[in-house]
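Chemist: Contents of model.txt (compact mmCIF, C-alpha atoms) are given next:
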```
# COMPACT_ATOMS: atom_id res chain seq x y z
CA MET N 205 0.00 0.00 0.00
CA ILE N 206 2.83 2.33 0.88
CA ASP N 207 4.38 1.86 -2.54
CA ARG N 208 1.04 2.29 -4.27
CA LEU N 209 0.58 5.59 -2.50
CA ARG N 210 4.16 6.56 -3.26
CA ASP N 211 3.62 5.84 -6.96
CA GLU N 212 0.68 8.20 -6.85
CA ALA N 213 2.72 10.65 -4.79
CA ARG N 214 5.25 11.01 -7.58
CA ASP N 215 2.46 11.87 -9.98
CA GLY N 216 0.22 14.02 -7.87
CA GLY N 217 2.13 15.82 -5.14
CA LEU N 218 0.90 13.84 -2.16
CA ALA N 219 3.34 12.70 0.50
CA VAL N 220 3.52 9.40 2.34
CA ALA N 221 5.13 8.74 5.71
CA TRP N 222 5.22 5.30 7.28
CA LEU N 223 6.26 3.34 10.28
CA TYR N 224 6.44 -0.34 11.20
CA CYS N 225 5.82 -1.10 14.85
CA ASP N 226 7.74 -3.97 16.36
CA TYR N 227 7.72 -5.61 19.79
CA LEU N 228 11.50 -5.73 19.68
CA GLY N 229 11.83 -1.99 19.27
CA GLN N 230 9.16 -0.92 21.73
CA GLN N 231 11.44 1.09 23.98
CA GLU N 232 12.42 3.31 21.08
CA GLN N 233 8.85 3.71 19.87
CA THR N 234 7.83 6.62 22.04
CA VAL N 235 5.23 8.99 20.64
CA ILE N 236 7.94 11.61 20.21
CA ASN N 237 10.07 9.22 18.16
CA VAL N 238 7.09 8.09 16.09
CA LEU N 239 5.98 11.63 15.29
CA GLY N 240 9.62 12.47 14.57
CA ALA N 241 9.83 9.52 12.18
CA ILE N 242 6.65 10.64 10.41
CA LEU N 243 8.09 14.12 10.09
CA LYS N 244 11.31 12.63 8.69
CA GLY N 245 9.27 10.82 6.10
CA LEU N 246 7.62 14.07 5.05
CA VAL N 247 10.63 16.37 4.96
CA GLY N 248 13.54 13.99 4.38
CA ARG N 249 13.38 13.96 0.62
CA ARG N 250 13.13 17.66 0.13
CA GLU N 251 14.72 20.76 1.58
CA ILE N 252 14.36 20.71 5.37
CA PRO N 253 12.08 23.54 6.52
CA LYS N 254 13.88 26.44 8.24
CA GLU N 255 11.73 25.99 11.33
CA ILE N 256 13.14 22.49 11.84
CA VAL N 257 16.72 23.57 11.21
CA ALA N 258 16.26 26.40 13.75
CA ALA N 259 14.82 24.04 16.38
CA PHE N 260 17.71 21.63 15.81
CA GLN N 261 20.23 24.42 16.26
CA GLU N 262 18.81 25.24 19.67
CA GLY N 263 20.56 22.06 20.70
CA ARG N 264 17.85 20.44 22.84
CA ARG N 265 15.73 17.37 22.27
CA PRO N 266 12.40 18.05 20.55
CA LEU N 267 9.35 18.00 22.82
CA LEU N 268 5.97 16.60 21.86
CA ALA N 269 4.60 20.12 21.35
CA ASP N 270 7.57 21.01 19.09
CA LEU N 271 6.96 17.97 16.92
CA LYS N 272 3.23 18.61 16.64
CA GLY N 273 3.96 22.17 15.51
CA MET N 274 6.61 21.08 13.01
CA LEU N 275 4.33 18.34 11.69
CA LYS N 276 1.50 20.77 11.14
CA THR N 277 3.76 23.12 9.21
CA ALA N 278 5.08 20.24 7.09
CA ILE N 279 1.60 18.83 6.41
CA ASP N 280 0.16 22.22 5.52
CA SER N 281 2.93 22.77 2.99
CA LEU N 282 1.92 19.61 1.09
CA PRO N 283 -1.22 18.98 -1.00
CA GLN N 284 -2.14 15.81 0.89
CA VAL N 285 -0.38 13.60 3.42
CA PHE N 286 -0.78 9.87 4.03
CA ILE N 287 0.48 8.40 7.29
CA CYS N 288 0.84 4.59 7.36
CA ILE N 289 1.49 2.71 10.58
CA ASP N 290 1.87 -1.06 10.39
CA ALA N 291 1.28 -3.51 13.27
CA LEU N 292 -0.21 -1.01 15.68
CA ASP N 293 -0.90 -3.88 18.11
CA GLU N 294 2.88 -4.21 18.55
CA TYR N 295 3.12 -0.60 19.63
CA LEU N 296 4.01 0.15 23.25
CA PRO N 297 0.61 -0.22 25.01
CA ARG N 298 1.08 2.59 27.50
CA GLU N 299 1.97 5.03 24.71
CA LEU N 300 -0.82 3.97 22.34
CA PRO N 301 -3.48 6.39 23.67
CA VAL N 302 -1.07 9.32 23.36
CA LEU N 303 -0.16 8.29 19.84
CA LEU N 304 -3.80 7.98 18.76
CA GLU N 305 -4.65 11.28 20.39
CA SER N 306 -1.76 12.94 18.57
CA LEU N 307 -2.92 11.47 15.26
CA ARG N 308 -6.43 12.73 15.94
CA GLY N 309 -5.00 16.18 16.64
CA ILE N 310 -3.17 16.12 13.28
CA VAL N 311 -6.33 15.13 11.44
CA ARG N 312 -8.44 17.77 13.14
CA GLU N 313 -6.00 20.48 12.17
CA SER N 314 -5.43 19.12 8.66
CA PRO N 315 -8.62 17.23 7.72
CA MET N 316 -7.35 15.98 4.34
CA THR N 317 -4.66 13.90 6.05
CA ARG N 318 -5.30 10.16 5.62
CA ILE N 319 -4.15 7.57 8.13
CA PHE N 320 -3.68 3.91 7.14
CA LEU N 321 -3.28 1.48 10.04
CA THR N 322 -2.86 -2.27 10.29
CA GLY N 323 -3.00 -4.49 13.35
CA ARG N 324 -4.60 -7.47 15.04
CA PRO N 325 -8.34 -7.23 15.70
CA PRO N 326 -8.08 -6.28 19.41
CA VAL N 327 -6.42 -2.93 18.62
CA ARG N 328 -9.61 -1.88 16.84
CA GLU N 329 -11.26 -0.85 20.08
CA ALA N 330 -8.46 1.59 20.94
CA ILE N 331 -8.54 3.06 17.44
CA GLN N 332 -12.28 3.57 17.53
CA ARG N 333 -12.06 5.34 20.87
CA TYR N 334 -10.24 8.13 19.04
CA PHE N 335 -11.67 7.70 15.55
CA THR N 336 -15.26 6.61 16.03
CA ARG N 337 -15.89 6.49 12.30
CA ALA N 338 -12.71 4.67 11.30
CA ILE N 339 -13.13 2.38 8.29
CA VAL N 340 -12.37 -1.18 9.40
CA ILE N 341 -11.56 -3.83 6.80
CA PRO N 342 -10.85 -7.41 7.89
CA VAL N 343 -7.92 -8.93 6.03
CA SER N 344 -7.86 -12.69 5.55
CA PRO N 345 -5.48 -14.67 3.40
CA ASN N 346 -6.56 -14.24 -0.19
CA GLN N 347 -6.79 -17.62 -1.96
CA ASP N 348 -5.62 -16.28 -5.31
CA ASP N 349 -2.65 -14.50 -3.77
CA ILE N 350 -1.58 -17.67 -1.98
CA ARG N 351 -2.10 -19.88 -5.02
CA ASN N 352 0.01 -17.58 -7.18
CA TYR N 353 2.73 -17.45 -4.58
CA VAL N 354 2.89 -21.22 -4.08
CA GLU N 355 2.90 -21.82 -7.84
CA MET N 356 5.74 -19.37 -8.24
CA LYS N 357 7.75 -21.10 -5.52
CA LEU N 358 7.09 -24.53 -7.08
CA ASP N 359 8.23 -23.24 -10.47
CA ARG N 360 11.52 -22.23 -8.87
CA ASP N 361 12.03 -25.57 -7.15
CA ASP N 362 15.64 -26.77 -7.09
CA GLU N 363 14.68 -30.33 -7.94
CA PRO N 364 11.97 -30.22 -10.60
CA GLU N 365 12.49 -33.90 -11.44
CA ALA N 366 11.11 -34.82 -8.00
CA MET N 367 7.84 -33.04 -8.80
CA ASP N 368 4.87 -34.37 -10.72
CA ASP N 369 1.42 -32.94 -11.39
CA VAL N 370 -0.25 -34.98 -8.65
CA LEU N 371 2.22 -33.90 -5.97
CA ARG N 372 2.07 -30.33 -7.18
CA ALA N 373 -1.74 -30.22 -7.00
CA ASP N 374 -1.63 -31.84 -3.57
CA ILE N 375 0.81 -29.23 -2.20
CA VAL N 376 -1.31 -26.33 -3.46
CA LYS N 377 -4.50 -27.87 -2.13
CA THR N 378 -3.05 -28.61 1.32
CA ILE N 379 -1.58 -25.13 1.77
CA LEU N 380 -4.80 -23.42 0.68
CA ALA N 381 -6.80 -25.55 3.12
CA LYS N 382 -4.44 -24.69 5.99
CA MET N 383 -4.52 -21.01 5.17
CA SER N 384 -8.29 -20.81 5.07
CA ASP N 385 -8.30 -21.81 8.74
CA MET N 386 -6.31 -18.71 9.76
CA MET T 6 21.33 13.37 23.93
CA ALA T 7 24.04 15.95 23.44
CA GLN T 8 24.41 17.35 19.98
CA THR T 9 27.78 17.13 18.37
CA THR T 10 29.05 20.43 17.14
CA ASN T 11 31.23 19.47 14.22
CA THR T 12 29.14 21.45 11.77
CA HIS T 13 30.77 21.31 8.41
CA ARG T 14 31.62 24.72 7.13
CA VAL T 15 32.19 25.67 3.59
CA THR T 16 34.12 28.87 3.35
CA PHE T 17 33.77 31.13 0.39
CA GLY T 18 36.37 33.81 -0.11
CA ASP T 19 40.06 33.23 -0.01
CA ARG T 20 41.85 34.79 2.91
CA ASN T 21 45.18 34.73 1.07
CA THR T 22 44.25 36.99 -1.74
CA ASN T 23 43.97 40.71 -1.52
CA CYS T 24 40.76 41.69 -3.05
CA GLY T 25 39.89 44.76 -1.07
CA ASN T 26 38.60 43.32 2.15
CA THR T 27 41.44 41.32 3.59
CA ASP T 28 40.44 41.91 7.17
CA ASN T 29 36.89 40.81 6.54
CA SER T 30 36.86 37.78 4.33
CA VAL T 31 33.47 36.59 3.21
CA ASN T 32 32.57 33.53 5.21
CA THR T 33 29.32 31.87 4.36
CA THR T 34 28.21 28.74 6.12
CA ILE T 35 26.08 26.49 4.02
CA TYR T 36 24.63 23.31 5.39
CA ASN T 37 25.38 20.26 3.43
CA SER T 38 23.85 16.81 3.54
CA ASP T 39 25.86 15.91 6.63
CA GLN T 40 23.87 18.37 8.69
CA ASP T 41 20.66 17.16 7.05
CA ALA T 42 21.53 13.65 8.18
CA ARG T 43 22.09 14.84 11.73
CA ILE T 44 18.78 16.71 11.75
CA MET T 45 17.07 13.52 10.59
CA ARG T 46 18.63 11.54 13.44
CA TRP T 47 17.69 14.32 15.86
CA LEU T 48 14.06 14.14 14.77
CA SER T 49 13.90 10.41 15.49
CA PRO T 50 16.20 7.42 15.90
CA LEU T 51 13.61 5.28 14.12
CA GLU T 52 14.47 4.44 10.51
CA PRO T 53 11.28 3.31 8.79
CA ASP T 54 12.95 3.22 5.37
CA ASP T 55 15.18 0.31 6.38
CA ARG T 56 12.27 -1.90 7.33
CA HIS T 57 10.25 -0.86 4.33
CA ASN T 58 12.99 -1.94 1.96
CA THR T 59 13.04 -5.40 3.56
CA VAL T 60 9.28 -5.73 3.25
CA ARG T 61 9.37 -4.62 -0.34
CA THR T 62 12.05 -7.18 -1.24
CA ASN T 63 10.00 -10.05 0.22
CA ARG T 64 6.71 -9.07 -1.30
CA HIS T 65 4.95 -10.80 -4.14
CA GLU T 66 3.53 -8.51 -6.82
CA GLY T 67 -0.21 -8.14 -6.96
CA VAL T 68 -0.90 -8.95 -3.32
CA GLY T 69 -3.59 -6.62 -2.07
CA ASP T 70 -5.09 -5.62 -5.41
CA TRP T 71 -8.52 -6.44 -4.02
CA LEU T 72 -8.18 -3.73 -1.41
CA LEU T 73 -7.80 -0.98 -3.99
CA GLU T 74 -11.05 -2.03 -5.59
CA LEU T 75 -13.08 -1.55 -2.44
CA LYS T 76 -15.44 1.38 -2.46
CA GLU T 77 -14.36 2.06 1.14
CA TRP T 78 -10.76 2.46 -0.02
CA LYS T 79 -11.68 4.80 -2.83
CA LYS T 80 -13.86 6.92 -0.60
CA TRP T 81 -11.18 7.09 2.09
CA ARG T 82 -8.47 7.77 -0.46
CA GLU T 83 -10.35 10.72 -1.91
CA GLY T 84 -10.88 12.18 1.54
CA GLU T 85 -14.64 12.47 1.11
CA GLY T 86 -15.31 11.75 4.76
CA GLY T 87 -12.99 14.51 6.00
CA ALA T 88 -11.49 14.31 9.46
CA ASP T 89 -14.20 11.95 10.76
CA GLU T 90 -13.23 9.21 8.33
CA ALA T 91 -9.52 9.83 8.16
CA VAL T 92 -8.55 6.38 9.42
CA PHE T 93 -8.49 3.19 7.36
CA PHE T 94 -7.76 0.16 9.54
CA CYS T 95 -6.84 -3.26 8.13
CA SER T 96 -7.56 -5.77 10.83
CA GLY T 97 -6.23 -9.30 10.81
CA ASN T 98 -4.27 -11.92 12.69
CA PRO T 99 -0.50 -12.32 12.31
CA GLY T 100 0.55 -13.90 9.06
CA VAL T 101 -2.49 -13.02 6.96
CA GLY T 102 -0.42 -10.59 4.94
CA LYS T 103 -1.34 -7.12 6.22
CA THR T 104 2.23 -5.90 6.08
CA HIS T 105 2.75 -7.19 2.56
CA LEU T 106 -0.33 -5.64 1.02
CA ARG T 107 0.95 -3.86 -1.98
```
Rewrite the structure from the file as structure tokens, please.

Modeler:
Amino acid sequence: MIDRLRDEARDGGLAVAWLYCDYLGQQEQTVINVLGAILKGLVGRREIPKEIVAAFQEGRRPLLADLKGMLKTAIDSLPQVFICIDALDEYLPRELPVLLESLRGIVRESPMTRIFLTGRPPVREAIQRYFTRAIVIPVSPNQDDIRNYVEMKLDRDDEPEAMDDVLRADIVKTILAKMSDM
Amino acid sequence: MAQTTNTHRVTFGDRNTNCGNTDNSVNTTIYNSDQDARIMRWLSPLEPDDRHNTVRTNRHEGVGDWLLELKEWKKWREGEGGADEAVFFCSGNPGVGKTHLR
């Protein structure tokens, strides 16, 4: 999705910032660092706004309020901004409300901003506490996607002589059956 | 975290030539990409690009096409719902392919 949006971004002046949450990196994933990473995504490929350079030169760590201000300036200078956060359920639980509240603040100030989130079903409740009208789409393994992938892997098999049509069909069928249980 | 102060300076104007203002050579500091890199690290230690490149390498083309066809996606994408409908949430258990949606 990120790349799709980025393809469009090249054509139509929208900007995409993204983040992957990870249990392993939870200690680093403070709201300040996440908002900072989003800001990086928005300004990193163009000239850094003077406001950010000036704040950096003050020589202190950015505060939440600084980042919110800098984000607003960056977002308002762009036609449309997409923020993508993957695996929100792996985000530090005690920081999640602050993160969602910050995202809501961004959207209220810049209503064209779009936020794309992924996560396990239980994180939905937290999201909807801040975005009551969030669009929720359940993702299940897509049979065609899996079939294509398995076929591709079988085509690249190191030992094609060990494969026959019956075995091949059996492998595809078994994997699809297992996946449909997920 | 303390900021390092080894700002790279690029000096214009040659102090060794007499060109009328020897005691006041023209020094202009311009910030090159090294400072940009330090500003980026100052903004956040997180490096989402690194992870994204890994995901992209492992992805199979065409995964997630169905999502783009949804009327919900199109409506969200166009921003019709304004701030109220700013969030699009893909919900699923680990391993169903949320991260690799293309």

Chemist: Select residues of chain N: the criterion is any atom within 6 Å of an atom of chain T, counting all atoms listed in the file; output as a PyMOL selection string.

Modeler: chain N and resi 205+223+237+240-241+311-312+315-316+318-325+337-345+349

Chemist: Would you save the residues of that selection, restricted to C-alpha atoms, as a short mmCIF file (atom, residue, chain, number, x, y, z; two decimals), keeping the file's coordinate frame?

Modeler:
```cif
data_model
loop_
_atom_site.label_atom_id
_atom_site.label_comp_id
_atom_site.auth_asym_id
_atom_site.auth_seq_id
_atom_site.Cartn_x
_atom_site.Cartn_y
_atom_site.Cartn_z
CA MET N 205 0.00 0.00 0.00
CA LEU N 223 6.26 3.34 10.28
CA ASN N 237 10.07 9.22 18.16
CA GLY N 240 9.62 12.47 14.57
CA ALA N 241 9.83 9.52 12.18
CA VAL N 311 -6.33 15.13 11.44
CA ARG N 312 -8.44 17.77 13.14
CA PRO N 315 -8.62 17.23 7.72
CA MET N 316 -7.35 15.98 4.34
CA ARG N 318 -5.30 10.16 5.62
CA ILE N 319 -4.15 7.57 8.13
CA PHE N 320 -3.68 3.91 7.14
CA LEU N 321 -3.28 1.48 10.04
CA THR N 322 -2.86 -2.27 10.29
CA GLY N 323 -3.00 -4.49 13.35
CA ARG N 324 -4.60 -7.47 15.04
CA PRO N 325 -8.34 -7.23 15.70
CA ARG N 337 -15.89 6.49 12.30
CA ALA N 338 -12.71 4.67 11.30
CA ILE N 339 -13.13 2.38 8.29
CA VAL N 340 -12.37 -1.18 9.40
CA ILE N 341 -11.56 -3.83 6.80
CA PRO N 342 -10.85 -7.41 7.89
CA VAL N 343 -7.92 -8.93 6.03
CA SER N 344 -7.86 -12.69 5.55
CA PRO N 345 -5.48 -14.67 3.40
CA ASP N 349 -2.65 -14.50 -3.77
#
```

Chemist: Between CA of Gln231 in chain N and CA of Val285 in chain N, what is the distance, to one decimal in Å?

Modeler: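 Computing the Euclidean distance for CA of Gln231 in chain N and CA of Val285 in chain N yields 26.8 Å.
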
Chemist: Please indicate the distance in Å from CA of Leu300 in chain N to CA of Arg265 in chain N, rounded to one decimal place.

Modeler: 21.3 Å

Chemist: One decimal, Å: what's the distance from CA of Asp280 in chain N over to CA of Val327 in chain N, could you say?

Modeler: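 Atom-to-atom, CA of Asp280 in chain N and CA of Val327 in chain N are spaced 29.1 Å apart.
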